[in-house]
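Step one of this worksheet: look at the structure below.
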Amino acid sequence: MTPRPSAVCAAPGCDRPPRPFTGRGRPPIYCSESCRSRAVRRPDRGPVLVELVHPTTARRQRPSGRVWTIRLRRGSDTVTIAGDLGHASARNLADQIAGILGTSTQQGGPID
Ligand SMILES: [Zn+2]
């Protein structure tokens, strides 16, 4: 018994039926070459952002001292680059990283 192919194309946002199964190899899961290449390419998860964040402060005061953290964000993924920085040096480093990445620094609020 052959595996039953999916009823719709596996590419995100496409609801056409996949190409007919020729009986050779695996049943097609995409309707077209363009859907296949679109789905195989790394999905676009948005730009990389450089975030400058700090711990929660009382009454939303601007924090002072070496409390700033720099992290990179893409979608829901983050990586911390540096922490325990003063604001000026954190801002400077974040702007340099943003310059290399061709993005901008987001001066963030408290770390959630
Ligand atoms: Zn398709």
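Letters A, B, ... go to the chains of the structure tokens in the order shown; residues in each chain start at 1; ligands are counted from 1 in the same order.
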
Could you give me, as a ChimeraX atom specification, the residues within 8 Å of Pro18 in chain A, counting only C-alpha atoms and dropping anything in the same chain fewer than 2 positions from it?
-> /A:5-10,16,20,28-32

May I have the selected residues written with C-alpha atoms, as a tab-separated table (two decimals), in the first residue's frame?
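Final output, again-v3.tsv:
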```
chain	number	residue	atom	x	y	z
A	5	PRO	CA	-0.21	11.93	-0.08
A	6	SER	CA	-1.30	15.01	1.77
A	7	ALA	CA	-4.38	16.75	0.37
A	8	VAL	CA	-2.75	20.17	0.24
A	9	CYS	CA	0.64	21.59	-0.65
A	10	ALA	CA	3.06	21.68	2.30
A	16	ARG	CA	-3.49	23.80	-3.80
A	20	PRO	CA	0.28	13.97	-8.63
A	28	PRO	CA	5.15	15.03	-3.80
A	29	ILE	CA	4.19	17.30	-0.91
A	30	TYR	CA	4.34	20.57	-2.88
A	31	CYS	CA	2.18	21.74	-5.78
A	32	SER	CA	5.00	23.38	-7.70
```

Please return as number ranges by chain: the residues of range 18-91 of chain A that backbone DSSP assigns to strand (DSSP E or B).
-> A: 49-54, 68-74, 77-85

Please report, as JSON lines, each residue of range 80-105 of chain A lying at most 7 Å from range 43-67 of chain A, together with the nearest pair of atoms and the separation in Å rounded to one decimal; use only C-alpha atoms, and order rows by chain and ascending residue number.
```
{"residue": "A:Asp84", "atom": "CA", "partner": "A:Arg66", "partner_atom": "CA", "distance": 4.7}
{"residue": "A:Leu85", "atom": "CA", "partner": "A:Arg66", "partner_atom": "CA", "distance": 4.4}
{"residue": "A:Gly86", "atom": "CA", "partner": "A:Arg66", "partner_atom": "CA", "distance": 4.1}
{"residue": "A:Ala94", "atom": "CA", "partner": "A:Val50", "partner_atom": "CA", "distance": 6.4}
{"residue": "A:Ala98", "atom": "CA", "partner": "A:Val50", "partner_atom": "CA", "distance": 6.1}
{"residue": "A:Thr103", "atom": "CA", "partner": "A:Leu49", "partner_atom": "CA", "distance": 6.4}
{"residue": "A:Ser104", "atom": "CA", "partner": "A:Val50", "partner_atom": "CA", "distance": 6.4}
{"residue": "A:Thr105", "atom": "CA", "partner": "A:Val50", "partner_atom": "CA", "distance": 4.8}
```

With only C-alpha atoms as the atoms that count, which of A:Ala11, A:Val40, A:Cys35, A:Leu101 lies nearest to Arg73 in chain A?
-> A:Leu101

Picked from chain A by DSSP as helix (DSSP H, G or I), as a compact mmCIF listing (two decimals) with N, CA and C atoms, in the first residue's frame:
```txt
# COMPACT_ATOMS: atom_id res chain seq x y z
N GLU A 33 7.32 23.75 -8.19
CA GLU A 33 8.74 23.98 -7.84
C GLU A 33 8.89 25.27 -7.02
N SER A 34 8.09 26.28 -7.35
CA SER A 34 8.25 27.54 -6.61
C SER A 34 7.80 27.37 -5.15
N CYS A 35 6.74 26.58 -4.92
CA CYS A 35 6.34 26.33 -3.52
C CYS A 35 7.41 25.51 -2.79
N ARG A 36 7.99 24.54 -3.48
CA ARG A 36 9.02 23.73 -2.84
C ARG A 36 10.20 24.60 -2.43
N SER A 37 10.69 25.43 -3.36
CA SER A 37 11.87 26.22 -3.03
C SER A 37 11.54 27.29 -1.99
N ARG A 38 10.33 27.80 -2.02
CA ARG A 38 9.94 28.79 -1.00
C ARG A 38 9.90 28.16 0.39
N ALA A 39 9.41 26.92 0.46
CA ALA A 39 9.30 26.25 1.76
C ALA A 39 10.65 25.76 2.25
N VAL A 40 11.53 25.38 1.33
CA VAL A 40 12.82 24.84 1.73
C VAL A 40 13.76 25.95 2.19
N ALA A 58 11.90 50.08 40.23
CA ALA A 58 10.71 50.57 40.92
C ALA A 58 10.16 51.78 40.19
N ARG A 59 8.87 51.81 40.04
CA ARG A 59 8.16 52.96 39.45
C ARG A 59 8.71 53.36 38.09
N ARG A 60 9.16 52.40 37.34
CA ARG A 60 9.63 52.65 35.97
C ARG A 60 10.71 53.71 35.90
N HIS A 87 25.25 52.51 31.17
CA HIS A 87 24.43 52.85 30.01
C HIS A 87 25.27 53.33 28.83
N ALA A 88 26.25 54.19 29.08
CA ALA A 88 27.02 54.75 27.96
C ALA A 88 27.79 53.67 27.21
N SER A 89 28.45 52.79 27.95
CA SER A 89 29.23 51.76 27.25
C SER A 89 28.32 50.73 26.61
N ALA A 90 27.18 50.44 27.23
CA ALA A 90 26.23 49.51 26.62
C ALA A 90 25.68 50.08 25.33
N ARG A 91 25.34 51.36 25.36
CA ARG A 91 24.80 52.01 24.18
C ARG A 91 25.84 52.03 23.05
N ASN A 92 27.06 52.33 23.42
CA ASN A 92 28.14 52.37 22.44
C ASN A 92 28.34 51.00 21.79
N LEU A 93 28.43 49.97 22.61
CA LEU A 93 28.64 48.62 22.08
C LEU A 93 27.44 48.17 21.24
N ALA A 94 26.25 48.45 21.73
CA ALA A 94 25.04 48.06 20.98
C ALA A 94 25.01 48.74 19.62
N ASP A 95 25.39 50.02 19.59
CA ASP A 95 25.39 50.74 18.30
C ASP A 95 26.44 50.18 17.35
N GLN A 96 27.58 49.77 17.90
CA GLN A 96 28.61 49.16 17.04
C GLN A 96 28.13 47.83 16.46
N ILE A 97 27.49 47.02 17.30
CA ILE A 97 26.96 45.73 16.82
C ILE A 97 25.88 45.98 15.77
N ALA A 98 25.00 46.93 16.06
CA ALA A 98 23.93 47.25 15.11
C ALA A 98 24.51 47.74 13.79
N GLY A 99 25.60 48.50 13.86
CA GLY A 99 26.24 48.99 12.64
C GLY A 99 26.77 47.84 11.80
N ILE A 100 27.40 46.87 12.44
CA ILE A 100 27.93 45.71 11.70
C ILE A 100 26.78 44.91 11.09
N LEU A 101 25.70 44.77 11.83
CA LEU A 101 24.58 43.97 11.34
C LEU A 101 23.69 44.75 10.38
```

Measure the distance from CA of Gly83 in chain A to CA of Gln107 in chain A in Å and round it to one decimal.
->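 Spanning CA of Gly83 in chain A to CA of Gln107 in chain A is a straight-line distance of 14.4 Å.
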
For each of A:Arg41, A:Gly13, A:Ile70, A:Pro27, take the minimum atom-to-atom distance to ligand 1, counting only C-alpha atoms and all ligand atoms, then give the residue where this is smallest.
->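 Checking each candidate against ligand 1, we get A:Gly13 as the closest.
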
Atom pair CA of Thr78 in chain A / CA of Pro12 in chain A: separation (Å) | 24.3 Å
